[in-house]
Structure formats: C-alpha cells, structure tokens
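Colleague: The structure is given below, and queries will be raised subsequently.
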Amino acid sequence: MRFIHLADVHLGAVPDMGMPWSRKREKEIWSTFRRVFEVIRTDPVDLLLIAGDLFHRQPLMSELEEVNALFQGIPGTTVVFMAGEHDYLRADSAYLRMKWAENVIFLGDRQWTCAEIPKLNTYVYGLSYDREEISEFLYHTERPVNKPGFHVMLAHGGDERHIPLKPEVVAGAGFDYIAMGHLHKPQILAGGRAVYAGALEPVDREDTGAHGYVLGEWKDNKLQVTMVPFASRSYIHQIITVRDDATQASLEEEIRAVMEEKGKENIYKVWFRGYRSPKLMLMPERLESLGNIVQVIDETRPAYDLIQLQKRYAGTLIGEYIQYFLQKKRSPEEEKALYYGLQALLETRA
C-alpha cells in the first residue's frame, strides 16, 4: 500500500508580505498543492494524508470547494486530513458545513476518532484543533485498536502550546506510522515510524532547506518512507565574509555570483560578517534590489587596530573609551557597542 503524507500547506498564506514576490508566492503555494494531484494522477497512491494546517487561516467555502474538486479528481485515492491550529474548527468554520467527496475522510471532530478504510485494511486516527492553542498531551494516551492492518496516527503539534508530544512515546504505543505536522522542517524520527513531512512550500524566511512531501510504502508489515523535494523555491541563509578591502560594488558582485550559483528563484537572507574598511558604509537597500533578498543583516566591524588607537589617543576620551572595553570580556552586544561608539567618536573628532 503506497501513500503520500504532506502537512502545513498553508493555503492562503502570503509569505514575506510587502516584498515584490509575496503575491506570487501566495499563488505558488496553491500551484504546488495542485501539482501534488498531478503526481498522483500520473503515479497513483492508495492514501493521501494531510497532517493539519491545510489552510493558513479560516478557509472560505469557495476555497474548500476548490480543494474538494482536487480530492474528487483522484477517486482511487482515499484522502484523510484534519484541521490544525491555523485553520482550527471555529464555531462558524466553513469546514463544519462542507460536504466532502466520497473518497475523503475529514477527521473533523474535536475528540479522538478512528477512521477505518476496509479496502486498504488501514485505520487512521486523529482529531482536529478546536482552538489555536492546545497544551494537553492528547496523543500520548491513545492506542490503536487490536485488529490486523496498517495503523496510522495523524498528529499535528509538538511544542508546549500545540499538543506537546514525544515521538518516541507515540511510536511506542503500537502505531505503524505517525504522520506528523506543525514543524516546518522535515524530520524522520523514532526509526522512521514518526515523520514530520515539513511544510509543502516554505512560508517563512526561517524555513530553510528542502521542502516537499513524504512518499511511503507499507508492504509485508514493513514501512519505507522517502522525503520528496517538491517546493518551487527555497529560503537560503547566506553568510558573506567581508574583508577590509571590500567595496559596495564588490559585495554586490559577490551576492550576484551566489544567486547565480544557488538559484535566482530562491529567497535569500544575507549576513555580512568580518572587518570592513572604516570608510565603507554598507547600503542594504542597494543590496536588496539585486533580487529575492528578504533581509540584509550587517554584523561587520570597522577594521580598527584597537591597541594602536588606544596608544595614539592615550589620555583622551577616545583612549579611555577603548581602554574600558579592552579590559572587559566583551559580549556580542558590547562588541557592537565598542565599534559603533568608537566610529562615532572618531568621526566627531575629525
């Protein structure tokens, strides 16, 4: 029996709000979700599991109807899904009024539910969020029914505010597979029996690495899972080491080269670290105009020789200022204060 497990699709999200590409990303999230169904129509699976947060917020009825049409378009695949903390079952939720296609099982109860799928000899267990935060260990006390078959827990959570759980505890309860959602970074845990599929598309600048879905197979009571990269683009955290001979133009050229190598379609968060010429003042707005750069963080320091400067300005405010910091074991914040303050003092003196 073959299955696809995905989670945290976040339909309706607008990543990096206000950036030139944000609306395109909103459409790409929908597009990537639709592409999953193209894959299934080409290479059918028996079961599609969606472990929460299909939507980024409360879905509209028209959006549910569009999703239902996608489900209906793969009639040979049984779809089982739940609501997470982003699209939880609010009292007026459109989820509660939706009539799903025959091949769809929505675990739309606030209580633990077991959905039996006889044709697959499979049991899928789970519940939906009825509020944004649930701090109880709801998954730790549940057990599968004592019947032969493939027993799957659909679980969404893993931190103290969203159904805390320990994968090894849940895996030890007797479930054959725990299809997990909520954490956006894909993870295979408990010897492969508990898996976070991760977000289908990255939706936040901290969602680095490959994203996609899990392809699984249950055969002869043995489980095999594979992470399938599927996202349209990635967030990349890039560190640029600055030398004291660097110029604004040379740094721009270095960023262009990185984006050419790693993909212009990707989205970059850039750190500048190292020691720059005191005369160089970085202009982040020019750097951000080079492409999909969501943030530039300047952690450089002016390339001052503190010992020489302290000797040169001994007996002056500048000398005393340098001496104060040289005597300390400086924290990162104090290190930053030292160089910013020193630059201001030297410029004032000039």
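Chain labels follow the order of the structure tokens: the first chain is A, the next B, and so on; residue numbering restarts at 1 in every chain, and ligands are counted from 1 in their shown order.
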Neighbouring residues of region 140-149 of chain A were defined as those with any atom within 9 Å, considering only C-alpha atoms; residues of the same chain fewer than 2 positions away were excluded. Please report them as a PDB file with C-alpha atoms, in the first residue's frame.
Modeller:
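Done, and the output landed in part_33.pdb:
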```pdb
ATOM      1  CA  TRP A 112     -10.127  11.271  19.107  1.00  0.00           C
ATOM      2  CA  CYS A 114     -10.641   6.198  14.297  1.00  0.00           C
ATOM      3  CA  LEU A 120      -6.901  -0.719   2.337  1.00  0.00           C
ATOM      4  CA  ASN A 121      -7.012  -2.690   5.592  1.00  0.00           C
ATOM      5  CA  THR A 122      -5.985   0.590   7.172  1.00  0.00           C
ATOM      6  CA  TYR A 123      -7.000   2.586  10.254  1.00  0.00           C
ATOM      7  CA  TYR A 125      -6.598   8.024  13.916  1.00  0.00           C
ATOM      8  CA  PHE A 137      -0.677  15.766  25.764  1.00  0.00           C
ATOM      9  CA  LEU A 138      -3.608  14.394  23.777  1.00  0.00           C
ATOM     10  CA  HIS A 151      -2.483   1.719  11.853  1.00  0.00           C
ATOM     11  CA  VAL A 152      -1.685   5.400  11.225  1.00  0.00           C
ATOM     12  CA  MET A 153      -1.822   8.281  13.675  1.00  0.00           C
ATOM     13  CA  PRO A 164       3.036  18.553  23.085  1.00  0.00           C
ATOM     14  CA  LEU A 165       4.300  15.110  22.160  1.00  0.00           C
ATOM     15  CA  LYS A 166       7.386  12.959  22.280  1.00  0.00           C
ATOM     16  CA  VAL A 169       6.431   7.778  23.230  1.00  0.00           C
ATOM     17  CA  VAL A 170       3.789   7.863  20.488  1.00  0.00           C
ATOM     18  CA  ALA A 173       2.115   2.954  21.555  1.00  0.00           C
ATOM     19  CA  GLY A 174       1.748   0.456  18.715  1.00  0.00           C
ATOM     20  CA  PHE A 175       1.032   2.643  15.697  1.00  0.00           C
ATOM     21  CA  ASN A 221       4.293  -5.310   7.603  1.00  0.00           C
TER      22      ASN A 221
END
```
Colleague: Extract, using only C-alpha atoms, all DNA, RNA and protein residues at most 9 Å from Glu252 (chain A), discarding same-chain residues fewer than 5 positions from it, and format them as an mmCIF file with C-alpha atoms, in the first residue's frame.
Modeller:
```cif
data_model
loop_
_atom_site.group_PDB
_atom_site.id
_atom_site.type_symbol
_atom_site.label_atom_id
_atom_site.label_comp_id
_atom_site.auth_asym_id
_atom_site.auth_seq_id
_atom_site.Cartn_x
_atom_site.Cartn_y
_atom_site.Cartn_z
ATOM 1 C CA THR A 247 33.658 47.877 -1.592
ATOM 2 C CA ALA A 257 27.526 35.269 -8.025
ATOM 3 C CA ARG A 286 21.007 48.662 -2.867
ATOM 4 C CA LEU A 287 21.826 45.064 -1.954
ATOM 5 C CA LEU A 290 19.661 42.692 -6.572
#
```
Colleague: Select, from A:His86, A:Arg35, A:Arg193, A:His182, the residue with the minimum atom-to-atom distance to Pro167 (chain A), counting only C-alpha atoms.
Modeller: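 The closest residue to Pro167 (chain A) is A:Arg193.
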Colleague: Write out as a ChimeraX atom specification all residues of region 85-237 of chain A that backbone DSSP assigns to alpha helix (DSSP H).
Modeller: /A:167-171
Colleague: What parts of region 93-190 of chain A does DSSP call strand (DSSP E)? I'd like the answer as an MDAnalysis selection string.
Modeller: chainID A and resid 104:106 113:117 122:126 150:156 177:181 187:189
Colleague: Any idea what's packed within 7 Å of Gln310 (chain A), counting only C-alpha atoms, ignoring anything in its chain fewer than 6 positions away? Could you give it as a VMD selection string?
Modeller: chain A and resid 319 322 to 323
Colleague: CA of His184 (chain A) to CA of Lys27 (chain A): how many Å, to one decimal?
Modeller: 19.1 Å
Colleague: Between A:Tyr88, A:Tyr196, A:Tyr268, A:Phe37, which one has atoms that come closest to Arg131 (chain A), using only C-alpha atoms?
Modeller: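 Of the candidates, the smallest distance to Arg131 (chain A) is held by A:Tyr88.
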Colleague: Mind running region 27-79 of chain A against region 1-10 of chain A at 7 Å and telling me each contacting residue's nearest atom pair with the distance in Å (one decimal), counting only C-alpha atoms, chain and number ascending, as CSV?
Modeller:
```
residue,atom,partner,partner_atom,distance
A:Val45,CA,A:Arg2,CA,5.1
A:Asp46,CA,A:Arg2,CA,5.5
A:Leu47,CA,A:Phe3,CA,4.6
A:Leu48,CA,A:Ile4,CA,4.9
A:Leu49,CA,A:His5,CA,4.7
A:Ile50,CA,A:Leu6,CA,5.1
A:Ala51,CA,A:Ala7,CA,4.7
A:Gly52,CA,A:Ala7,CA,5.8
A:Asp53,CA,A:Asp8,CA,4.8
A:Leu54,CA,A:Val9,CA,4.9
A:Phe55,CA,A:His10,CA,4.3
A:His56,CA,A:His10,CA,4.1
```
Colleague: Which residue is closest to Leu11 (chain A)? Choose from A:Gly181, A:Pro229, A:Pro202, A:Pro186 and count only C-alpha atoms.
Modeller: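 When distances to Leu11 (chain A) are compared using only C-alpha atoms, the smallest one comes from A:Pro202.
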Colleague: Which of these, A:Ala246, A:Glu335, A:Gly108, A:Pro20, has the shortest distance to Gly291 (chain A) once you count only C-alpha atoms?
Modeller: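 Nearest to Gly291 (chain A): A:Pro20.
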